[in-house]
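For reference, the structure discussed in these notes is given below.
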Amino acid sequence: DIDFKCKMDTGSWSYCSSPKTYTGLSRGTYHQFQVKATDSSGNEGDPDSWIWEILEIYPLIVDVNGNGDYTKIQDAIDNATVGDTILVWAGTYREKIVVDKALTLTGNGSASTKIVGNISQFENTTRILVYLTSDDIVFQKINITLESRGTSSSYFDTLLTIEGDDITLYNNSFYNHNTNGMINVFVEGDHVNVSKNKFYYSEWGIYTNYADYGTYSENLFIGCGSWTFACSTFAILSSSYNIIENNTFYRSKYGISVHDSSSYNELWFNTLDYS
């Protein structure tokens with residue numbers, strides 16, 4: 001009989017069998033794998049060695065129906081490595097999300113992949129349903145909805161918060177059926193790219209605070225059609241050097257609102273329609 005021992009990089013030798021699998025290796029890194037054999041008499045052969053670079057990483061699959069690697073988005077995030085892609089299959093995911101590393105999260109489309117919050121389910125001390133705290137996150141093709149009805153929520157006031165820099169929000173939908181004081185997307189990071197998203201019904205569709213050098217383009221803001229509540233307003237506070245272009249505001253009371261030491265922002269070809 002022959003026994004094998006394996007070693008990765010500067011780790012220690014350990015008994016192994018074929019196939020030998022390693023996880024958590026980042027894209028763009030080099031590694032050395034070594035293996036050596038020992039026969040039944042204790043004679044040990046010289047190790048064979050291979051060096052390779054990680055060029056491609058298979059995406060992690062989240063499927064609420066159990067046909068993927070995980071059934072919860074947060075479990076996939078917690079087990080992912082920086083640079084990974086997480087594919088979220090169609091379904092309704094009733095969970096709070098914190099993305100604390102550079103990842104790409106892609107849904108099956110905002111009509112079919114949904115993250116849902118309901119005030120009867122969660123007590124959220126952060127009052128945020130989806131929280132992007134790292135830099136270099138891509139979040140796309142996902143529907144984020146707060147199910148509760150009425151004019152306020154004691155559990156949530158924000159659907160998604162951006163705290164990191166260089167974050168992309170692309171082709172998502174945000175439904176917040178509460179109005180007073182509620183925010184669909186709150187931005188405190190720089191160099192964000194928010195494009196081709198849909199914002200429904202919150203008092204603030206996007207609310208920026210000390211968020212500079214961002215690009216906000218081709219988004220649709222749909223208000224509640226009431227002069228009583230300021231629905232789906234894009235509020236710019238203490239934020240400068242942003243480009244806001246080709247957005248459409250439908251039945252939004254104020255459309256775009258610029259406040260408090262905000263300067264050098266460029267507004268181009270935005271449409272306000274209250275018909």
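Starting from 1 in every chain, residues are counted up; chains themselves are A, B, ... following the order of the structure tokens, and ligands are numbered from 1 as listed.
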
Problem - Non-local contacts of stretch 259-264 of chain A (7 Å; only C-alpha atoms; under 2 positions in same chain excluded) as an MDAnalysis selection string - result: chainID A and resid 236:241 257 266

Take the residues from that selection and write them out as a PDB file, in the first residue's frame, keeping C-alpha atoms.
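This is the output file selection12.pdb:
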ATOM      1  CA  ILE A 236     -28.332  65.867  -2.392  1.00  0.00           C
ATOM      2  CA  LEU A 237     -26.899  66.991   0.963  1.00  0.00           C
ATOM      3  CA  SER A 238     -23.300  68.069   1.568  1.00  0.00           C
ATOM      4  CA  SER A 239     -22.294  66.209  -1.597  1.00  0.00           C
ATOM      5  CA  SER A 240     -20.241  67.596  -4.477  1.00  0.00           C
ATOM      6  CA  TYR A 241     -18.824  66.819  -7.909  1.00  0.00           C
ATOM      7  CA  SER A 257     -33.467  68.704  -4.183  1.00  0.00           C
ATOM      8  CA  GLU A 266     -23.779  68.581 -12.810  1.00  0.00           C
TER       9      GLU A 266
END

Practice task
Check stretch 55-270 of chain A with DSSP on the backbone and list each residue it calls strand (DSSP E), as number ranges by chain.
Solution key: A: 60-62, 85-88, 91-93, 97-99, 104-107, 113-117, 128-132, 138-140, 143-146, 158-162, 168-170, 173-176, 183-187, 193-195, 198-200, 204-209, 215-217, 220-222, 233-237, 243-245, 248-250, 256-259, 266-268

Problem - Residue contacts of stretch 218-224 of chain A (10 Å, only C-alpha atoms) excluding same-chain residues fewer than 2 positions away, as an MDAnalysis selection string - result: chainID A and resid 170:175 177 179 194:206 216 226:234 244:255 269:274

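For A:Asn242, the list of residues within 6 Å, based on only C-alpha atoms and with local chain neighbours fewer than 3 positions off taken out, reads A:Asp212, A:Tyr213, A:Gly214, A:Thr215, A:Asn265.
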
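The space separating atom CA of A:Trp50 from atom CA of A:Asn79 comes to 26.8 Å.
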
Practice task
Write out as an MDAnalysis selection string each polymer residue whose atoms come within 12 Å of A:Gly42, counting only C-alpha atoms; drop sequence neighbours fewer than 2 positions from it.
Solution key: chainID A and resid 1:4 37:40 44:45

Restricting the output to all heavy atoms, write the selected residues as a PDB file, in the first residue's frame.
ATOM      1  N   ASP A   1       0.837  -1.196   0.000  1.00  0.00           N
ATOM      2  CA  ASP A   1       0.000   0.000   0.000  1.00  0.00           C
ATOM      3  C   ASP A   1       0.872   1.246   0.000  1.00  0.00           C
ATOM      4  O   ASP A   1       1.968   1.258   0.552  1.00  0.00           O
ATOM      5  CB  ASP A   1      -0.901   0.024   1.240  1.00  0.00           C
ATOM      6  CG  ASP A   1      -1.950  -1.082   1.185  1.00  0.00           C
ATOM      7  OD1 ASP A   1      -2.246  -1.545   0.064  1.00  0.00           O
ATOM      8  OD2 ASP A   1      -2.461  -1.470   2.254  1.00  0.00           O
ATOM      9  N   ILE A   2       0.332   2.280  -0.572  1.00  0.00           N
ATOM     10  CA  ILE A   2       1.051   3.547  -0.649  1.00  0.00           C
ATOM     11  C   ILE A   2       0.192   4.630  -0.009  1.00  0.00           C
ATOM     12  O   ILE A   2      -1.003   4.743  -0.293  1.00  0.00           O
ATOM     13  CB  ILE A   2       1.378   3.911  -2.113  1.00  0.00           C
ATOM     14  CG1 ILE A   2       2.344   2.892  -2.720  1.00  0.00           C
ATOM     15  CG2 ILE A   2       1.981   5.310  -2.188  1.00  0.00           C
ATOM     16  CD1 ILE A   2       2.681   3.141  -4.170  1.00  0.00           C
ATOM     17  N   ASP A   3       0.808   5.412   0.867  1.00  0.00           N
ATOM     18  CA  ASP A   3       0.156   6.572   1.467  1.00  0.00           C
ATOM     19  C   ASP A   3       0.700   7.844   0.829  1.00  0.00           C
ATOM     20  O   ASP A   3       1.870   7.898   0.399  1.00  0.00           O
ATOM     21  CB  ASP A   3       0.404   6.623   2.977  1.00  0.00           C
ATOM     22  CG  ASP A   3      -0.268   5.477   3.709  1.00  0.00           C
ATOM     23  OD1 ASP A   3      -1.385   5.110   3.306  1.00  0.00           O
ATOM     24  OD2 ASP A   3       0.345   4.954   4.671  1.00  0.00           O
ATOM     25  N   PHE A   4      -0.147   8.858   0.783  1.00  0.00           N
ATOM     26  CA  PHE A   4       0.261  10.132   0.200  1.00  0.00           C
ATOM     27  C   PHE A   4       0.157  11.232   1.248  1.00  0.00           C
ATOM     28  O   PHE A   4      -0.737  11.226   2.106  1.00  0.00           O
ATOM     29  CB  PHE A   4      -0.625  10.488  -0.997  1.00  0.00           C
ATOM     30  CG  PHE A   4      -0.457   9.559  -2.160  1.00  0.00           C
ATOM     31  CD1 PHE A   4      -1.308   8.471  -2.338  1.00  0.00           C
ATOM     32  CD2 PHE A   4       0.566   9.760  -3.080  1.00  0.00           C
ATOM     33  CE1 PHE A   4      -1.140   7.613  -3.408  1.00  0.00           C
ATOM     34  CE2 PHE A   4       0.727   8.903  -4.158  1.00  0.00           C
ATOM     35  CZ  PHE A   4      -0.131   7.819  -4.326  1.00  0.00           C
ATOM     36  N   ALA A  37       4.861  10.299  -1.806  1.00  0.00           N
ATOM     37  CA  ALA A  37       4.328   8.971  -1.496  1.00  0.00           C
ATOM     38  C   ALA A  37       5.257   8.227  -0.537  1.00  0.00           C
ATOM     39  O   ALA A  37       6.485   8.411  -0.569  1.00  0.00           O
ATOM     40  CB  ALA A  37       4.161   8.165  -2.780  1.00  0.00           C
ATOM     41  N   THR A  38       4.638   7.398   0.286  1.00  0.00           N
ATOM     42  CA  THR A  38       5.379   6.530   1.208  1.00  0.00           C
ATOM     43  C   THR A  38       4.866   5.100   1.028  1.00  0.00           C
ATOM     44  O   THR A  38       3.650   4.865   1.098  1.00  0.00           O
ATOM     45  CB  THR A  38       5.182   6.973   2.666  1.00  0.00           C
ATOM     46  OG1 THR A  38       5.593   8.333   2.813  1.00  0.00           O
ATOM     47  CG2 THR A  38       5.998   6.096   3.607  1.00  0.00           C
ATOM     48  N   ASP A  39       5.798   4.147   0.799  1.00  0.00           N
ATOM     49  CA  ASP A  39       5.351   2.766   0.600  1.00  0.00           C
ATOM     50  C   ASP A  39       5.178   2.056   1.942  1.00  0.00           C
ATOM     51  O   ASP A  39       5.435   2.625   3.012  1.00  0.00           O
ATOM     52  CB  ASP A  39       6.297   2.012  -0.328  1.00  0.00           C
ATOM     53  CG  ASP A  39       7.709   1.841   0.242  1.00  0.00           C
ATOM     54  OD1 ASP A  39       7.861   1.951   1.483  1.00  0.00           O
ATOM     55  OD2 ASP A  39       8.633   1.609  -0.549  1.00  0.00           O
ATOM     56  N   SER A  40       4.771   0.785   1.882  1.00  0.00           N
ATOM     57  CA  SER A  40       4.463   0.035   3.100  1.00  0.00           C
ATOM     58  C   SER A  40       5.688  -0.213   3.965  1.00  0.00           C
ATOM     59  O   SER A  40       5.562  -0.509   5.151  1.00  0.00           O
ATOM     60  CB  SER A  40       3.799  -1.289   2.734  1.00  0.00           C
ATOM     61  OG  SER A  40       4.645  -2.043   1.874  1.00  0.00           O
ATOM     62  N   GLU A  44      10.126   6.848   1.659  1.00  0.00           N
ATOM     63  CA  GLU A  44       9.441   8.075   1.227  1.00  0.00           C
ATOM     64  C   GLU A  44      10.074   8.599  -0.046  1.00  0.00           C
ATOM     65  O   GLU A  44      11.301   8.767  -0.137  1.00  0.00           O
ATOM     66  CB  GLU A  44       9.524   9.122   2.335  1.00  0.00           C
ATOM     67  CG  GLU A  44       8.655  10.350   2.101  1.00  0.00           C
ATOM     68  CD  GLU A  44       8.645  11.271   3.317  1.00  0.00           C
ATOM     69  OE1 GLU A  44       9.611  12.031   3.481  1.00  0.00           O
ATOM     70  OE2 GLU A  44       7.681  11.212   4.105  1.00  0.00           O
ATOM     71  N   GLY A  45       9.245   8.867  -1.048  1.00  0.00           N
ATOM     72  CA  GLY A  45       9.744   9.389  -2.303  1.00  0.00           C
ATOM     73  C   GLY A  45       9.926  10.895  -2.279  1.00  0.00           C
ATOM     74  O   GLY A  45       9.487  11.593  -1.365  1.00  0.00           O
TER      75      GLY A  45
END

Exercise for the section: For A:Thr113, work out the shell of residues within 7 Å, counting only C-alpha atoms and skipping chain neighbours fewer than 3 positions away, then give it as a PyMOL selection string. Expected result: chain A and resi 88-92+107-110+142-143

Handout entry: Shell around A:Thr158 at 9 Å using only C-alpha atoms, local window under 5 positions removed, as a PyMOL selection string
Key = chain A and resi 127-130+176+182-186

Save the residues we just selected, C-alpha atoms, as an mmCIF file, in the first residue's frame?
data_model
loop_
_atom_site.group_PDB
_atom_site.id
_atom_site.type_symbol
_atom_site.label_atom_id
_atom_site.label_comp_id
_atom_site.auth_asym_id
_atom_site.auth_seq_id
_atom_site.Cartn_x
_atom_site.Cartn_y
_atom_site.Cartn_z
ATOM 1 C CA ARG A 127 -32.994 50.146 10.692
ATOM 2 C CA ILE A 128 -31.403 49.104 7.376
ATOM 3 C CA LEU A 129 -32.511 46.139 5.248
ATOM 4 C CA VAL A 130 -29.417 45.875 2.984
ATOM 5 C CA ASN A 176 -40.928 51.046 0.008
ATOM 6 C CA MET A 182 -38.348 56.579 4.589
ATOM 7 C CA ILE A 183 -35.346 56.234 2.261
ATOM 8 C CA ASN A 184 -34.900 53.783 -0.583
ATOM 9 C CA VAL A 185 -31.122 54.264 -0.999
ATOM 10 C CA PHE A 186 -28.898 56.232 1.404
#

Got a sec to tell me which of stretch 41-168 of chain A DSSP assigns to alpha helix (DSSP H), as a PDB file with N, CA and C atoms, in the first residue's frame?
ATOM      1  N   ILE A  73     -28.828  34.385   1.398  1.00  0.00           N
ATOM      2  CA  ILE A  73     -27.815  35.259   0.807  1.00  0.00           C
ATOM      3  C   ILE A  73     -26.713  35.564   1.804  1.00  0.00           C
ATOM      4  N   GLN A  74     -27.074  35.834   3.053  1.00  0.00           N
ATOM      5  CA  GLN A  74     -26.067  36.195   4.044  1.00  0.00           C
ATOM      6  C   GLN A  74     -25.077  35.068   4.293  1.00  0.00           C
ATOM      7  N   ASP A  75     -25.532  33.824   4.247  1.00  0.00           N
ATOM      8  CA  ASP A  75     -24.613  32.689   4.415  1.00  0.00           C
ATOM      9  C   ASP A  75     -23.578  32.669   3.293  1.00  0.00           C
ATOM     10  N   ALA A  76     -24.009  32.954   2.068  1.00  0.00           N
ATOM     11  CA  ALA A  76     -23.066  33.003   0.945  1.00  0.00           C
ATOM     12  C   ALA A  76     -22.065  34.134   1.120  1.00  0.00           C
ATOM     13  N   ILE A  77     -22.527  35.289   1.567  1.00  0.00           N
ATOM     14  CA  ILE A  77     -21.632  36.430   1.801  1.00  0.00           C
ATOM     15  C   ILE A  77     -20.597  36.086   2.862  1.00  0.00           C
ATOM     16  N   ASP A  78     -21.042  35.499   3.953  1.00  0.00           N
ATOM     17  CA  ASP A  78     -20.139  35.184   5.059  1.00  0.00           C
ATOM     18  C   ASP A  78     -19.054  34.198   4.653  1.00  0.00           C
ATOM     19  N   ASN A  79     -19.352  33.307   3.705  1.00  0.00           N
ATOM     20  CA  ASN A  79     -18.395  32.282   3.287  1.00  0.00           C
ATOM     21  C   ASN A  79     -17.646  32.634   2.013  1.00  0.00           C
TER      22      ASN A  79
END
